[in-house]
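*Asks:* Please find work_27.csv (CSV, C-alpha atoms) on the next line:
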chain,number,residue,atom,x,y,z
A,1147,MET,CA,13.7,-23.9,-7.1
A,1148,PRO,CA,10.2,-25.4,-7.4
A,1149,ARG,CA,7.4,-23.6,-9.1
A,1150,ILE,CA,5.8,-21.1,-6.8
A,1151,GLU,CA,2.1,-20.2,-7.5
A,1152,VAL,CA,0.1,-17.4,-5.9
A,1153,VAL,CA,-3.5,-16.6,-5.5
A,1154,ASP,CA,-4.0,-13.0,-4.1
A,1155,LEU,CA,-7.0,-12.2,-2.0
A,1156,PHE,CA,-8.0,-8.5,-1.7
A,1157,CYS,CA,-5.6,-7.9,-4.7
A,1158,GLY,CA,-6.6,-4.4,-5.6
A,1159,ILE,CA,-4.5,-3.0,-8.5
A,1160,GLY,CA,-1.9,-5.7,-7.9
A,1161,GLY,CA,1.0,-4.1,-6.0
A,1162,LEU,CA,1.7,-7.2,-3.9
A,1163,SER,CA,1.2,-9.6,-6.8
A,1164,TYR,CA,3.6,-7.5,-9.0
A,1165,GLY,CA,6.3,-7.6,-6.3
A,1166,LEU,CA,6.0,-11.4,-6.1
A,1167,LYS,CA,5.9,-11.7,-9.9
A,1168,SER,CA,9.1,-9.7,-10.1
A,1169,LYS,CA,10.9,-12.4,-8.2
A,1170,GLY,CA,9.7,-15.2,-10.4
A,1171,PHE,CA,6.5,-16.3,-8.7
A,1172,ASN,CA,3.6,-17.4,-10.9
A,1173,ILE,CA,0.6,-15.2,-10.2
A,1174,LEU,CA,-2.5,-17.1,-11.1
A,1175,ALA,CA,-5.5,-15.1,-9.9
A,1176,GLY,CA,-6.6,-12.2,-7.8
A,1177,PHE,CA,-9.9,-11.7,-5.9
A,1178,ASP,CA,-11.3,-8.2,-5.0
A,1179,LEU,CA,-14.7,-6.5,-4.5
A,1180,ASP,CA,-13.6,-3.4,-6.4
A,1181,GLY,CA,-14.2,-4.3,-10.0
A,1182,THR,CA,-12.5,-1.2,-11.3
A,1183,CYS,CA,-9.1,-2.8,-10.4
A,1184,LYS,CA,-9.5,-5.4,-13.0
A,1185,TYR,CA,-7.6,-3.7,-15.8
A,1186,ALA,CA,-4.5,-2.8,-13.7
A,1187,TYR,CA,-4.4,-6.2,-12.1
A,1188,GLU,CA,-4.7,-8.3,-15.2
A,1189,HIS,CA,-2.6,-6.0,-17.5
A,1190,ASN,CA,0.4,-5.9,-15.2
A,1191,ASN,CA,0.3,-9.3,-13.6
A,1192,ASP,CA,-0.7,-11.6,-16.5
A,1193,ALA,CA,-3.3,-13.1,-14.1
A,1194,VAL,CA,-7.1,-13.4,-13.9
A,1195,PHE,CA,-9.0,-10.9,-11.9
A,1196,SER,CA,-12.2,-12.2,-10.1
A,1197,TYR,CA,-14.7,-9.6,-9.0
A,1198,ARG,CA,-16.0,-11.2,-5.9
A,1199,ASP,CA,-16.9,-10.5,-2.3
A,1200,ILE,CA,-14.5,-12.7,-0.3
A,1201,LYS,CA,-17.4,-13.9,1.9
A,1202,THR,CA,-18.8,-15.7,-1.1
A,1203,VAL,CA,-15.5,-17.3,-2.3
A,1204,THR,CA,-15.2,-21.0,-1.7
A,1205,ALA,CA,-12.1,-23.0,-0.9
A,1206,LYS,CA,-12.6,-25.0,-4.1
A,1207,GLU,CA,-12.6,-21.8,-6.2
A,1208,VAL,CA,-9.2,-21.0,-4.8
A,1209,SER,CA,-7.7,-24.5,-4.7
A,1210,ASP,CA,-8.6,-25.2,-8.4
A,1211,TRP,CA,-6.1,-22.6,-9.5
A,1212,TYR,CA,-3.1,-24.4,-8.1
A,1213,SER,CA,-1.2,-27.2,-9.8
A,1214,LYS,CA,-0.4,-30.3,-7.8
A,1215,LYS,CA,3.4,-30.1,-7.5
A,1216,ALA,CA,3.8,-26.3,-7.0
A,1217,ILE,CA,4.5,-24.5,-3.8
A,1218,LYS,CA,1.1,-22.9,-3.0
A,1219,VAL,CA,1.1,-19.3,-1.7
A,1220,LEU,CA,-2.1,-17.6,-0.5
A,1221,ALA,CA,-1.5,-13.9,-0.2
A,1222,GLY,CA,-3.6,-10.9,0.7
A,1223,CYS,CA,-4.1,-7.6,2.4
A,1224,ALA,CA,-7.4,-7.9,4.2
A,1225,PRO,CA,-8.7,-4.3,4.6
A,1226,CYS,CA,-9.0,-3.4,8.3
A,1227,GLN,CA,-10.3,0.1,8.2
A,1228,PRO,CA,-11.4,0.1,11.8
A,1229,PHE,CA,-7.8,0.0,12.8
A,1230,SER,CA,-6.4,2.5,10.4
A,1231,SER,CA,-5.2,5.9,11.8
A,1232,TYR,CA,-6.7,7.4,8.6
A,1233,SER,CA,-10.2,6.3,9.5
A,1234,HIS,CA,-11.9,9.4,10.8
A,1235,THR,CA,-15.6,8.7,10.5
A,1236,LYS,CA,-18.0,6.3,12.2
A,1237,LYS,CA,-18.7,4.8,8.8
A,1238,ASP,CA,-15.0,4.0,8.3
A,1239,LYS,CA,-15.1,2.1,11.5
A,1240,ASP,CA,-17.9,-0.2,10.5
A,1241,PRO,CA,-17.4,-3.3,12.7
A,1242,ASN,CA,-18.4,-5.6,9.9
A,1243,LYS,CA,-15.0,-4.8,8.3
A,1244,TYR,CA,-13.3,-6.7,11.0
A,1245,ASP,CA,-14.7,-9.9,9.4
A,1246,LEU,CA,-12.5,-9.8,6.4
A,1247,LEU,CA,-9.5,-11.3,8.2
A,1248,TYR,CA,-11.7,-14.0,9.6
A,1249,GLU,CA,-12.7,-14.8,6.0
A,1250,PHE,CA,-9.0,-15.0,5.1
A,1251,GLY,CA,-8.6,-17.5,7.9
A,1252,ARG,CA,-11.5,-19.5,6.7
A,1253,LEU,CA,-10.0,-20.0,3.3
A,1254,VAL,CA,-6.6,-20.8,4.8
A,1255,LYS,CA,-8.2,-23.6,6.9
A,1256,ASP,CA,-10.0,-25.1,3.9
A,1257,VAL,CA,-7.4,-24.5,1.1
A,1258,LYS,CA,-4.3,-25.4,3.3
A,1259,PRO,CA,-1.7,-23.5,1.1
A,1260,ASP,CA,1.9,-24.2,1.9
A,1261,ILE,CA,2.6,-20.5,2.6
A,1262,VAL,CA,0.4,-17.6,3.7
A,1263,THR,CA,1.4,-14.0,3.6
A,1264,MET,CA,-0.6,-11.0,4.8
A,1265,GLU,CA,0.2,-7.3,4.8
A,1266,ASN,CA,-1.8,-4.8,6.9
A,1267,VAL,CA,-1.7,-1.7,9.1
A,1268,THR,CA,0.3,-1.9,12.2
A,1269,GLN,CA,-2.6,-0.8,14.3
A,1270,ILE,CA,-4.0,-4.3,13.9
A,1271,LEU,CA,-1.7,-5.2,16.7
A,1272,ASN,CA,-4.0,-3.3,19.0
A,1273,PHE,CA,-5.9,-6.2,20.6
A,1274,LYS,CA,-7.9,-3.8,22.7
A,1275,LEU,CA,-10.0,-2.9,19.6
A,1276,LYS,CA,-10.6,-6.5,18.6
A,1277,PRO,CA,-8.2,-9.5,18.6
A,1278,VAL,CA,-8.6,-10.2,14.9
A,1279,LEU,CA,-4.8,-10.6,14.3
A,1280,GLN,CA,-4.4,-12.8,17.4
A,1281,ASP,CA,-7.3,-14.9,16.2
A,1282,PHE,CA,-5.8,-15.2,12.7
A,1283,VAL,CA,-2.4,-16.3,14.1
A,1284,THR,CA,-4.2,-18.8,16.4
A,1285,THR,CA,-6.0,-20.3,13.3
A,1286,LEU,CA,-2.7,-20.6,11.4
A,1287,LYS,CA,-0.9,-22.3,14.3
A,1288,GLU,CA,-3.8,-24.7,14.8
A,1289,GLU,CA,-3.5,-25.6,11.1
A,1290,GLY,CA,0.2,-26.5,11.5
A,1291,TYR,CA,1.8,-23.2,10.3
A,1292,GLN,CA,4.9,-21.6,11.8
A,1293,VAL,CA,4.2,-17.9,11.9
A,1294,SER,CA,6.3,-14.7,11.8
A,1295,VAL,CA,4.7,-11.3,12.5
A,1296,ASN,CA,6.8,-8.3,11.7
A,1297,LYS,CA,6.4,-4.5,12.1
A,1298,VAL,CA,8.1,-3.0,9.0
A,1299,PHE,CA,9.4,0.5,8.6
A,1300,CYS,CA,9.4,0.7,4.8
A,1301,PRO,CA,12.6,2.8,4.4
A,1302,ASP,CA,14.5,-0.1,5.9
A,1303,TYR,CA,13.8,-2.0,2.8
A,1304,GLY,CA,14.4,0.6,0.2
A,1305,ILE,CA,10.9,2.1,-0.1
A,1306,PRO,CA,11.1,5.9,-0.2
A,1307,GLN,CA,8.3,6.7,2.2
A,1308,THR,CA,7.9,6.5,5.9
A,1309,ARG,CA,5.2,3.9,5.7
A,1310,LYS,CA,4.8,1.5,8.7
A,1311,ARG,CA,3.2,-1.9,7.9
A,1312,LEU,CA,2.6,-5.2,9.5
A,1313,VAL,CA,3.8,-8.2,7.4
A,1314,LEU,CA,2.9,-11.7,8.4
A,1315,ILE,CA,4.4,-14.8,6.7
A,1316,ALA,CA,3.5,-18.4,7.7
A,1317,SER,CA,4.5,-21.8,6.5
A,1318,ARG,CA,3.6,-25.4,6.8
A,1319,LEU,CA,7.1,-26.3,5.6
A,1320,GLY,CA,9.0,-25.1,8.6
A,1321,SER,CA,10.3,-22.0,10.4
A,1322,ILE,CA,10.0,-18.8,8.3
A,1323,SER,CA,11.1,-15.3,8.9
A,1324,LEU,CA,11.3,-11.9,7.0
A,1325,ILE,CA,14.7,-11.1,5.5
A,1326,LYS,CA,16.8,-8.6,7.4
A,1327,PRO,CA,16.5,-4.9,6.4
A,1328,THR,CA,18.4,-4.0,3.3
A,1329,HIS,CA,18.9,-0.3,4.1
A,1330,THR,CA,20.0,1.8,7.0
A,1331,LYS,CA,19.2,5.5,7.8
A,1332,ASP,CA,22.4,6.5,6.0
A,1333,SER,CA,21.3,4.7,2.8
A,1334,TYR,CA,17.5,5.3,2.8
A,1335,VAL,CA,16.0,6.0,-0.6
A,1336,THR,CA,14.9,9.7,-0.6
A,1337,VAL,CA,12.4,11.9,-2.4
A,1338,GLY,CA,15.3,13.4,-4.4
A,1339,ASP,CA,16.5,10.0,-5.4
A,1340,VAL,CA,13.3,9.0,-7.1
A,1341,ILE,CA,11.4,12.1,-8.4
A,1342,LYS,CA,14.0,14.8,-8.9
A,1343,ASP,CA,14.3,13.9,-12.6
A,1344,LEU,CA,10.6,14.4,-13.4
A,1345,PRO,CA,9.7,17.3,-15.6
A,1346,PRO,CA,8.3,20.3,-13.6
A,1347,VAL,CA,4.6,20.9,-13.7
A,1348,ARG,CA,2.3,23.6,-12.3
A,1349,ALA,CA,-0.7,23.3,-10.1
A,1350,GLY,CA,-3.7,22.5,-12.3
A,1351,GLU,CA,-1.5,21.4,-15.2
A,1352,GLY,CA,0.2,18.2,-16.4
A,1353,CYS,CA,3.1,16.8,-18.3
A,1354,PRO,CA,2.2,16.4,-22.0
A,1355,THR,CA,4.1,13.1,-22.2
A,1356,ASP,CA,2.8,11.5,-18.9
A,1357,PRO,CA,-1.0,11.6,-18.2
A,1358,LEU,CA,-0.5,10.7,-14.5
A,1359,HIS,CA,2.1,13.5,-13.9
A,1360,ARG,CA,-0.7,16.0,-13.3
A,1361,ALA,CA,-1.2,18.3,-10.3
A,1362,ILE,CA,-4.5,19.4,-8.7
A,1363,ALA,CA,-5.3,23.0,-9.2
A,1364,LEU,CA,-5.0,25.3,-6.2
A,1365,THR,CA,-7.4,28.2,-5.3
A,1366,PRO,CA,-5.7,31.6,-5.2
A,1367,LEU,CA,-5.7,31.5,-1.4
A,1368,ASN,CA,-4.1,28.1,-1.3
A,1369,MET,CA,-1.5,29.2,-3.9
A,1370,GLU,CA,-0.7,32.1,-1.6
A,1371,ARG,CA,-0.3,29.6,1.3
A,1372,MET,CA,1.8,27.3,-0.9
A,1373,LYS,CA,4.2,30.1,-1.8
A,1374,ALA,CA,4.4,31.0,1.9
A,1375,THR,CA,5.5,27.5,2.8
A,1376,PRO,CA,9.3,27.2,3.0
A,1377,TYR,CA,11.3,24.2,2.1
A,1378,GLY,CA,10.4,21.4,4.6
A,1379,GLY,CA,7.9,23.7,6.3
A,1380,GLY,CA,4.2,23.8,6.8
A,1381,TRP,CA,1.3,26.0,7.9
A,1382,LYS,CA,3.0,27.0,11.1
A,1383,ASP,CA,5.4,29.1,9.0
A,1384,TRP,CA,2.7,31.2,7.4
A,1385,PRO,CA,1.8,34.7,8.3
A,1386,LYS,CA,-1.2,34.8,10.7
A,1387,ASN,CA,-3.6,36.1,8.0
A,1388,LEU,CA,-3.2,32.8,6.0
A,1389,VAL,CA,-3.7,30.4,8.9
A,1390,LEU,CA,-6.9,28.5,8.9
A,1391,GLU,CA,-9.3,29.0,11.9
A,1392,CYS,CA,-9.2,25.2,12.6
A,1393,HIS,CA,-5.5,25.3,13.2
A,1394,LYS,CA,-5.8,28.0,15.8
A,1395,THR,CA,-7.5,25.6,18.2
A,1396,ASP,CA,-5.6,23.3,20.6
A,1397,LYS,CA,-6.6,20.2,18.6
A,1398,GLY,CA,-5.8,21.9,15.2
A,1399,LYS,CA,-2.3,22.9,16.4
A,1400,SER,CA,-1.4,19.2,16.7
A,1401,TYR,CA,-1.8,18.7,12.9
A,1402,GLY,CA,1.6,20.1,12.1
A,1403,SER,CA,2.2,18.3,8.8
A,1404,VAL,CA,-0.8,19.4,6.8
A,1405,TYR,CA,-0.1,21.9,4.1
A,1406,GLY,CA,3.6,20.9,4.4
A,1407,ARG,CA,6.4,20.5,1.9
A,1408,MET,CA,8.5,17.4,1.5
A,1409,VAL,CA,12.3,17.6,1.5
A,1410,TRP,CA,14.7,16.1,-1.1
A,1411,GLU,CA,17.0,14.5,1.5
A,1412,ALA,CA,14.5,12.1,3.2
A,1413,PRO,CA,11.8,9.6,2.3
A,1414,SER,CA,8.4,10.9,1.7
A,1415,PRO,CA,5.5,10.7,4.2
A,1416,THR,CA,3.1,7.7,3.9
A,1417,MET,CA,1.1,7.8,0.7
A,1418,THR,CA,-2.6,7.8,1.4
A,1419,THR,CA,-5.7,7.8,-0.8
A,1420,GLU,CA,-5.7,11.6,-0.5
A,1421,CYS,CA,-2.0,12.2,-1.1
A,1422,THR,CA,-2.5,14.4,-4.1
A,1423,GLY,CA,-4.2,17.1,-2.0
A,1424,TYR,CA,-2.0,19.9,-0.7
A,1425,GLY,CA,-4.0,20.2,2.6
A,1426,ASN,CA,-4.2,16.5,3.4
A,1427,GLY,CA,-0.6,16.1,4.8
A,1428,ARG,CA,3.0,16.9,3.9
A,1429,PHE,CA,2.2,16.4,0.3
A,1430,GLY,CA,3.6,19.6,-1.1
A,1431,HIS,CA,6.4,19.3,-3.7
A,1432,PRO,CA,9.8,20.3,-2.2
A,1433,GLU,CA,10.3,23.2,-4.6
A,1434,GLN,CA,7.4,23.6,-7.0
A,1435,ASP,CA,4.3,25.4,-5.8
A,1436,ARG,CA,1.9,22.4,-6.0
A,1437,ALA,CA,0.9,19.1,-4.4
A,1438,ILE,CA,2.5,15.9,-5.7
A,1439,THR,CA,1.1,14.2,-8.7
A,1440,PRO,CA,-0.3,10.6,-9.0
A,1441,ARG,CA,3.0,9.7,-10.9
A,1442,GLU,CA,5.1,10.9,-8.0
A,1443,ALA,CA,2.9,9.1,-5.5
A,1444,SER,CA,3.2,5.8,-7.5
A,1445,ILE,CA,7.0,6.2,-7.5
A,1446,PHE,CA,7.0,6.6,-3.8
A,1447,GLN,CA,4.9,3.4,-3.7
A,1448,THR,CA,7.7,1.8,-5.8
A,1449,PHE,CA,5.5,1.1,-8.8
A,1450,PRO,CA,7.6,1.1,-12.0
A,1451,ARG,CA,7.0,4.0,-14.3
A,1452,ASP,CA,5.5,1.8,-17.0
A,1453,TYR,CA,2.9,0.3,-14.7
A,1454,LYS,CA,-0.5,0.8,-16.3
A,1455,PHE,CA,-3.1,1.8,-13.7
A,1456,PHE,CA,-5.9,2.6,-16.2
A,1457,GLU,CA,-6.6,1.7,-19.8
A,1458,ASP,CA,-7.3,5.4,-20.5
A,1459,GLU,CA,-5.0,7.4,-18.2
A,1460,LYS,CA,-5.7,10.7,-19.9
A,1461,ASN,CA,-9.3,10.9,-18.7
A,1462,VAL,CA,-8.9,9.6,-15.1
A,1463,SER,CA,-9.3,12.1,-12.3
A,1464,ILE,CA,-6.3,12.8,-10.1
A,1465,THR,CA,-8.3,11.9,-7.0
A,1466,THR,CA,-9.3,8.5,-8.5
A,1467,ALA,CA,-5.7,7.7,-9.3
A,1468,ALA,CA,-4.6,8.7,-5.8
A,1469,ARG,CA,-7.2,6.3,-4.3
A,1470,TYR,CA,-5.8,3.4,-6.3
A,1471,ILE,CA,-2.2,4.2,-5.6
A,1472,GLY,CA,-2.6,5.0,-1.9
A,1473,ASN,CA,-4.5,1.8,-1.2
A,1474,ALA,CA,-1.9,-0.4,-2.9
A,1475,VAL,CA,0.8,-2.6,-1.3
A,1476,PRO,CA,4.2,-1.2,-2.5
A,1477,PRO,CA,5.6,-3.7,-5.0
A,1478,ARG,CA,9.0,-3.5,-3.3
A,1479,LEU,CA,7.4,-4.8,-0.2
A,1480,GLY,CA,6.1,-7.7,-2.3
A,1481,GLU,CA,9.7,-8.3,-3.4
A,1482,VAL,CA,10.9,-8.4,0.2
A,1483,ILE,CA,8.2,-11.0,1.0
A,1484,ALA,CA,9.2,-13.0,-2.1
A,1485,ASP,CA,12.9,-13.0,-1.1
A,1486,SER,CA,11.9,-14.2,2.4
A,1487,ILE,CA,9.8,-17.1,0.9
A,1488,ILE,CA,12.6,-18.1,-1.5
A,1489,LYS,CA,15.2,-18.1,1.3
A,1490,HIS,CA,12.8,-20.2,3.4
A,1491,ILE,CA,12.2,-22.7,0.6
A,1492,ARG,CA,15.9,-23.1,0.0
A,1493,GLU,CA,16.5,-23.8,3.7
A,1494,THR,CA,13.7,-26.3,4.1
A,1495,ARG,CA,14.0,-28.4,1.0
Kindly present the structure from the file in C-alpha cells form.
*Replies:*
Amino acid sequence: MPRIEVVDLFCGIGGLSYGLKSKGFNILAGFDLDGTCKYAYEHNNDAVFSYRDIKTVTAKEVSDWYSKKAIKVLAGCAPCQPFSSYSHTKKDKDPNKYDLLYEFGRLVKDVKPDIVTMENVTQILNFKLKPVLQDFVTTLKEEGYQVSVNKVFCPDYGIPQTRKRLVLIASRLGSISLIKPTHTKDSYVTVGDVIKDLPPVRAGEGCPTDPLHRAIALTPLNMERMKATPYGGGWKDWPKNLVLECHKTDKGKSYGSVYGRMVWEAPSPTMTTECTGYGNGRFGHPEQDRAITPREASIFQTFPRDYKFFEDEKNVSITTAARYIGNAVPPRLGEVIADSIIKHIRETR
C-alpha cells in the first residue's frame, strides 16, 4: 500500500482526521477558523493545526504539505449551516456560509489531490435552497474525478446514534464507492453497549476520575419533570401541571422528543451542540435523573475514551465541551471513509 497523506480542511477537533489516522493514513495538517480546536487536533492527530479562514488559504499552502510520491487526500466538512435542520435563526442561515463549499472546490481545482472526501448534512441535497452540492460535484467531474455521493445512516456502520450524513468521495484514479454497511438493524450498536459501564453521576455533579463525565444541574422544576419521565418517554407522559405552555400549542405538540429519555436497546439520537441539555432533545439518561454528560456524548460520537478534547478538562464548561463534540465528525465515519479509499486504491493500482 502506498503512503497516503491527508490535509483536512474545516478540521475542527479532528474527528475525521482521527478516523483516517486510525487506518494508517498520514495526517499532515488541518485548517480551521476556530483556533480553540488547536489543542485537540494536534494532540490527538500528531498533525499541525493552522488557524485560518479557508477563503485566505492558497493552493500552494495546501500543496506544500504533500510529498511527491504519496496518494494525496484532501478532506473536509465544509460547514453548511443554512441547510441544517438545527439552524433556527436568521443568523444561522447567513447566505455567506454557502460559500465555504465553493472555497473547497476552488482548492480542489488548484491543488488537484488524488482523492477528495467531504462529509456534510444530508439537507445539502436540497437543491431548491441553493445547488452548492451540485456545483461542487460538477467542479469535481470537470477536473477528472469520478464521484460517489452517499446518504449514510450512521448505525449501519456501527455508530451508536441515529445520525444521518452525506458522505462524498471522489477520485482521479478511477471509480470509487463507499464500502457496504457493516451492521444491520439486528446488530446496531446501542446506548447500553457503549455507556452502561460508566459510573453513575447525579445532575449537577461529576465523576471524580473523569472530568468530562459531568452532568448539567437541573432546576427543582426540571428535576420534577425528569423524575416524571418514564423509560423511553418524554414530556407527553408528564402530569398536566408539569407541561410547558409552549408544548400545549399545535406547533409545540410536534416536538415530541424534547425532555425525553433514551433507551438502552437502541442507538442514541443525533448528538448536537446542545446535547447535554435535558430540554434540547431526547438527551435524558435512560435511568439516572439527568441529561447525558460530555463523556457519554463523545462515546456516542465514537471518540475513544482517551481522546483529549482540552488541555485542562477540569475547568471546561459542559456546554463548551458539548459544542466541540456535537460539531465533530464521528471518528468511526472517518474509518469507513478510510476503508473505502484503501479498497479503491487496491482495486486501481
*Asks:* Restricting the calculation to all atoms listed in the file: of A:Gly1472, A:Gly1304, A:Gly1165, A:Pro1148, which residue gets closest to Ile1491 (chain A)?
*Replies:* A:Pro1148
*Asks:* Considering all atoms listed in the file, can you say which of A:Ile1150, A:Ile1270, A:Glu1188, A:Glu1411 comes closest to Gly1170 (chain A)?
*Replies:* A:Ile1150
*Asks:* Pick from A:Phe1299, A:Ser1168, A:Thr1419, A:Thr1202: nearest to Pro1450 (chain A), with only C-alpha atoms counted?
*Replies:*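 Ranking A:Phe1299, A:Ser1168, A:Thr1419, A:Thr1202 by distance to Pro1450 (chain A), first place goes to A:Ser1168.
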*Asks:* As number ranges by chain, please: the residues near Asp1210 (chain A) (cut-off 12 Å, all atoms listed in the file, same-chain neighbours under 6 positions excluded).
*Replies:* A: 1151-1153, 1174-1175, 1204, 1218, 1257, 1259
*Asks:* Could you give me, as a compact mmCIF listing (two decimals) with C-alpha atoms, in the frame of the given file, the residues that have an atom at most 12 Å away from the point (-5.8, -0.3, -5.1) in the coordinates of the file, using all atoms listed in the file?
*Replies:*
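Listed below is the output, out.txt:
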# COMPACT_ATOMS: atom_id res chain seq x y z
CA PHE A 1156 -8.00 -8.50 -1.70
CA CYS A 1157 -5.60 -7.90 -4.70
CA GLY A 1158 -6.60 -4.40 -5.60
CA ILE A 1159 -4.50 -3.00 -8.50
CA GLY A 1160 -1.90 -5.70 -7.90
CA GLY A 1161 1.00 -4.10 -6.00
CA LEU A 1162 1.70 -7.20 -3.90
CA SER A 1163 1.20 -9.60 -6.80
CA ASP A 1178 -11.30 -8.20 -5.00
CA LEU A 1179 -14.70 -6.50 -4.50
CA ASP A 1180 -13.60 -3.40 -6.40
CA GLY A 1181 -14.20 -4.30 -10.00
CA THR A 1182 -12.50 -1.20 -11.30
CA CYS A 1183 -9.10 -2.80 -10.40
CA LYS A 1184 -9.50 -5.40 -13.00
CA TYR A 1185 -7.60 -3.70 -15.80
CA ALA A 1186 -4.50 -2.80 -13.70
CA TYR A 1187 -4.40 -6.20 -12.10
CA CYS A 1223 -4.10 -7.60 2.40
CA PRO A 1225 -8.70 -4.30 4.60
CA THR A 1418 -2.60 7.80 1.40
CA THR A 1419 -5.70 7.80 -0.80
CA SER A 1444 3.20 5.80 -7.50
CA GLN A 1447 4.90 3.40 -3.70
CA PHE A 1449 5.50 1.10 -8.80
CA PHE A 1455 -3.10 1.80 -13.70
CA PHE A 1456 -5.90 2.60 -16.20
CA THR A 1466 -9.30 8.50 -8.50
CA ALA A 1467 -5.70 7.70 -9.30
CA ALA A 1468 -4.60 8.70 -5.80
CA ARG A 1469 -7.20 6.30 -4.30
CA TYR A 1470 -5.80 3.40 -6.30
CA ILE A 1471 -2.20 4.20 -5.60
CA GLY A 1472 -2.60 5.00 -1.90
CA ASN A 1473 -4.50 1.80 -1.20
CA ALA A 1474 -1.90 -0.40 -2.90
CA VAL A 1475 0.80 -2.60 -1.30
CA PRO A 1476 4.20 -1.20 -2.50
CA PRO A 1477 5.60 -3.70 -5.00
*Asks:* Pick out the closest residue to Gly1379 (chain A) from this set: A:Asp1343, A:Ala1363, A:Phe1429, A:Trp1211. Count all atoms listed in the file.
*Replies:*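 Closest candidate: A:Phe1429.
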*Asks:* Take CA of Lys1255 (chain A) and CA of Ile1315 (chain A) and report the distance between them in Å, one decimal.
*Replies:*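 These two atoms are separated by 15.4 Å.
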*Asks:* With distances taken over all atoms listed in the file, which residue among A:Thr1328, A:Thr1422, A:Asn1190, A:Thr1395 lies nearest Arg1436 (chain A)?
*Replies:*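 Closest to Arg1436 (chain A), using all atoms listed in the file: A:Thr1422.
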*Asks:* For the point (-4.3, 19.9, -11.3) in the file's frame, write as a list in words all residues with an atom no more than 10 Å away, counting all atoms listed in the file.
*Replies:* Val1347, Arg1348, Ala1349, Gly1350, Glu1351, Gly1352, His1359, Arg1360, Ala1361, Ile1362, Ala1363, Leu1364, Thr1422, Gly1423, Arg1436, Ala1437, Ile1438, Thr1439, Ser1463, Ile1464 and Thr1465 of chain A
*Asks:* Nearest residue to Pro1432 (chain A) out of A:Val1298, A:Val1293, A:Met1408, A:Leu1479, using all atoms listed in the file?
*Replies:*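 Result for the nearest residue to Pro1432 (chain A): A:Met1408.
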*Asks:* CA of Ala1216 (chain A) to CA of Arg1311 (chain A): how many Å, to one decimal?
*Replies:*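 Separation of CA of Ala1216 (chain A) and CA of Arg1311 (chain A): 28.6 Å.
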*Asks:* For CA of Ile1217 (chain A) and CA of Arg1252 (chain A), quote the distance in Å rounded to one decimal.
*Replies:*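 So the answer is 19.8 Å.
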*Asks:* Identify, on the basis of only C-alpha atoms, every residue whose closest approach to Ile1325 (chain A) does not exceed 10 Å; exclude the query and any residue fewer than 6 positions from it along the same chain; express the result as an NGL selection string.
*Replies:* :A and (1303 or 1482-1487 or 1489-1490)
*Asks:* I'd like the contact shell of Leu1155 (chain A) - 8 Å cut-off, all atoms listed in the file, skipping same-chain residues fewer than 4 positions apart - returned as a ChimeraX atom specification.
*Replies:* /A:1176-1178,1200,1220-1224,1250
